[in-house]
Amino acid sequence: MSHSSPEIASNQPTQEMKYGEREIVEGNLITFPNPRVGRRYNIDITLPEFTCKCPFSGYPDFATIYVSYIPDEKVVELKAIKLYINSYRERYISHEESANQILDDFVAACDPLFVKVKADFTPRGNVHTVVEVTHEKKV
């Protein structure tokens with residue numbers, strides 16, 4: 001029996017990139033003007049679905065990323081940070097380097113008065129890692 005009907009789904013993966021994958025690849029930390037420049041206030045963002053790959057074993061690593069910052073002139077758009085964080089999914093990067101790279105990219109995007117990035121990795125092999133990095137603007 002021949003299955004030439006276009007309704008029959010193929011088990012073969014397609015090479016075409018999905019729209020979400022394109023958004024992740026193109027993802028940049030987009031900012032917008034701080035509506036309250038001069039007022040010190042804190043913004044806390046929790047990203048509980050961070051994934052990357054161990055650069056030594058290739059095993060997946062999972063973490064919750066916490067970003068806490070005091071904006072200066074710019075605020076990071078939330079969908080943009082979600083897409084940016086998702087871009088790490090296929091990267092081979094250590095726990096330490098991922099936290100530091102997120103901090104560096106965040107500072108480059110919005111130049112906050114203060115920012116702390118905390119990467120709380122899910123235990124693997126009986127080891128639980130938490131990496132915290134901070135940056136404070138010199139005023």
# chains A, B, ... in the order shown; residues from 1 in each chain; ligands from 1
>>> residues_around(residues="segment 114-125 of chain A", least_positions_apart="4", cutoff="9 Å", atoms="only C-alpha atoms", output="PyMOL selection string")
chain A and resi 50+61-72+95-96+98-100+102-103+106-107+129-137
>>> write_last_selection(atoms="N, CA and C atoms", output="CSV table (one decimal), in the first residue's frame")
chain,number,residue,atom,x,y,z
A,50,PHE,N,17.3,27.3,32.5
A,50,PHE,CA,18.6,27.4,31.8
A,50,PHE,C,19.2,26.0,31.6
A,61,ASP,N,23.7,20.3,31.5
A,61,ASP,CA,23.6,20.9,32.8
A,61,ASP,C,22.3,21.8,32.8
A,62,PHE,N,21.7,21.8,34.0
A,62,PHE,CA,20.5,22.6,34.2
A,62,PHE,C,20.6,23.5,35.4
A,63,ALA,N,20.1,24.7,35.2
A,63,ALA,CA,20.2,25.7,36.3
A,63,ALA,C,19.0,26.6,36.3
A,64,THR,N,18.9,27.3,37.5
A,64,THR,CA,18.0,28.4,37.6
A,64,THR,C,19.0,29.6,37.6
A,65,ILE,N,18.7,30.6,36.8
A,65,ILE,CA,19.5,31.8,36.7
A,65,ILE,C,18.7,32.9,37.4
A,66,TYR,N,19.3,33.6,38.3
A,66,TYR,CA,18.7,34.7,39.0
A,66,TYR,C,19.5,36.0,38.6
A,67,VAL,N,18.8,37.0,38.1
A,67,VAL,CA,19.4,38.3,37.8
A,67,VAL,C,18.7,39.3,38.6
A,68,SER,N,19.5,40.0,39.4
A,68,SER,CA,19.0,41.1,40.2
A,68,SER,C,19.8,42.3,39.9
A,69,TYR,N,19.1,43.4,39.5
A,69,TYR,CA,19.9,44.6,39.1
A,69,TYR,C,19.1,45.9,39.5
A,70,ILE,N,19.9,46.9,39.5
A,70,ILE,CA,19.4,48.3,39.7
A,70,ILE,C,19.8,49.0,38.4
A,71,PRO,N,18.7,49.4,37.6
A,71,PRO,CA,19.0,50.0,36.3
A,71,PRO,C,19.5,51.4,36.5
A,72,ASP,N,20.2,51.8,35.4
A,72,ASP,CA,20.6,53.2,35.3
A,72,ASP,C,19.7,53.9,34.2
A,95,HIS,N,30.1,25.9,34.3
A,95,HIS,CA,29.2,26.7,35.2
A,95,HIS,C,29.7,28.1,35.5
A,96,GLU,N,31.0,28.1,35.7
A,96,GLU,CA,31.7,29.4,36.1
A,96,GLU,C,31.6,30.4,34.9
A,98,SER,N,29.6,30.3,32.3
A,98,SER,CA,28.3,30.7,31.9
A,98,SER,C,27.8,31.9,32.7
A,99,ALA,N,28.0,31.8,34.1
A,99,ALA,CA,27.6,32.9,34.9
A,99,ALA,C,28.3,34.2,34.6
A,100,ASN,N,29.6,34.1,34.4
A,100,ASN,CA,30.4,35.3,34.0
A,100,ASN,C,30.0,35.9,32.7
A,102,ILE,N,27.1,35.6,31.1
A,102,ILE,CA,25.8,36.3,31.3
A,102,ILE,C,25.9,37.7,31.9
A,103,LEU,N,26.8,37.8,32.9
A,103,LEU,CA,27.0,39.1,33.6
A,103,LEU,C,27.6,40.0,32.6
A,106,PHE,N,25.1,41.2,30.0
A,106,PHE,CA,24.1,42.0,30.6
A,106,PHE,C,24.6,43.4,30.8
A,107,VAL,N,25.8,43.5,31.4
A,107,VAL,CA,26.4,44.8,31.6
A,107,VAL,C,26.6,45.6,30.3
A,129,THR,N,26.4,23.0,42.5
A,129,THR,CA,27.2,24.2,42.2
A,129,THR,C,26.3,25.5,42.2
A,130,VAL,N,26.7,26.5,42.9
A,130,VAL,CA,26.1,27.8,42.8
A,130,VAL,C,27.2,28.8,42.5
A,131,VAL,N,27.1,29.6,41.4
A,131,VAL,CA,28.1,30.6,41.0
A,131,VAL,C,27.4,32.0,41.1
A,132,GLU,N,28.0,32.9,41.8
A,132,GLU,CA,27.5,34.3,41.9
A,132,GLU,C,28.5,35.2,41.4
A,133,VAL,N,28.1,36.1,40.6
A,133,VAL,CA,29.1,37.2,40.1
A,133,VAL,C,28.3,38.5,40.1
A,134,THR,N,29.1,39.6,40.4
A,134,THR,CA,28.5,40.9,40.5
A,134,THR,C,29.3,41.9,39.7
A,135,HIS,N,28.6,43.0,39.5
A,135,HIS,CA,29.2,44.2,38.8
A,135,HIS,C,28.6,45.4,39.4
A,136,GLU,N,29.4,46.4,39.7
A,136,GLU,CA,28.9,47.7,40.2
A,136,GLU,C,29.5,48.8,39.4
A,137,LYS,N,28.6,49.7,38.9
A,137,LYS,CA,29.1,50.8,38.1
A,137,LYS,C,29.9,51.8,38.9
>>> select_by_dssp(residues="chain A", states="helix (DSSP H, G or I)", output="PyMOL selection string")
chain A and resi 19-26+78-86+95-110
>>> residues_around(residues="Cys54 of chain A", least_positions_apart="4", cutoff="6 Å", atoms="only C-alpha atoms", output="list in words")
Gly58, Tyr59, Tyr92, Ile93 and Ser94 of chain A
>>> write_last_selection(atoms="C-alpha atoms", output="PDB file, in the first residue's frame")
ATOM      1  CA  GLY A  58      28.975  16.865  26.878  1.00  0.00           C
ATOM      2  CA  TYR A  59      26.304  16.028  29.461  1.00  0.00           C
ATOM      3  CA  TYR A  92      29.579  23.752  25.720  1.00  0.00           C
ATOM      4  CA  ILE A  93      30.372  26.022  28.663  1.00  0.00           C
ATOM      5  CA  SER A  94      31.351  25.602  32.308  1.00  0.00           C
TER       6      SER A  94
END
>>> atom_distance(atom1="atom CA of Asp105 of chain A", atom2="atom CA of Glu49 of chain A")
18.6 Å
>>> closest_residue(among="A:Ile81, A:Ile43, A:Val76, A:Val37", to="Glu23 of chain A", atoms="only C-alpha atoms")
A:Ile81
>>> select_by_dssp(residues="chain A", states="strand (DSSP E or B)", output="PyMOL selection string")
chain A and resi 31-33+43-53+60-70+74-76+92+114-121+124+127+130-136
>>> residues_around(residues="segment 31-33 of chain A", least_positions_apart="3", cutoff="6 Å", atoms="only C-alpha atoms", output="ChimeraX atom specification")
/A:73-77
>>> write_last_selection(atoms="N, CA and C atoms", output="mmCIF file, in the first residue's frame")
data_model
loop_
_atom_site.group_PDB
_atom_site.id
_atom_site.type_symbol
_atom_site.label_atom_id
_atom_site.label_comp_id
_atom_site.auth_asym_id
_atom_site.auth_seq_id
_atom_site.Cartn_x
_atom_site.Cartn_y
_atom_site.Cartn_z
ATOM 1 N N GLU A 73 20.169 53.958 33.016
ATOM 2 C CA GLU A 73 19.387 54.593 31.952
ATOM 3 C C GLU A 73 18.579 53.610 31.118
ATOM 4 N N LYS A 74 18.930 52.297 31.183
ATOM 5 C CA LYS A 74 18.250 51.305 30.351
ATOM 6 C C LYS A 74 17.778 50.119 31.181
ATOM 7 N N VAL A 75 16.682 49.509 30.714
ATOM 8 C CA VAL A 75 16.104 48.310 31.316
ATOM 9 C C VAL A 75 16.092 47.228 30.236
ATOM 10 N N VAL A 76 16.376 45.989 30.635
ATOM 11 C CA VAL A 76 16.378 44.881 29.684
ATOM 12 C C VAL A 76 14.951 44.363 29.497
ATOM 13 N N GLU A 77 14.566 44.173 28.236
ATOM 14 C CA GLU A 77 13.238 43.663 27.883
ATOM 15 C C GLU A 77 13.184 42.171 28.235
#
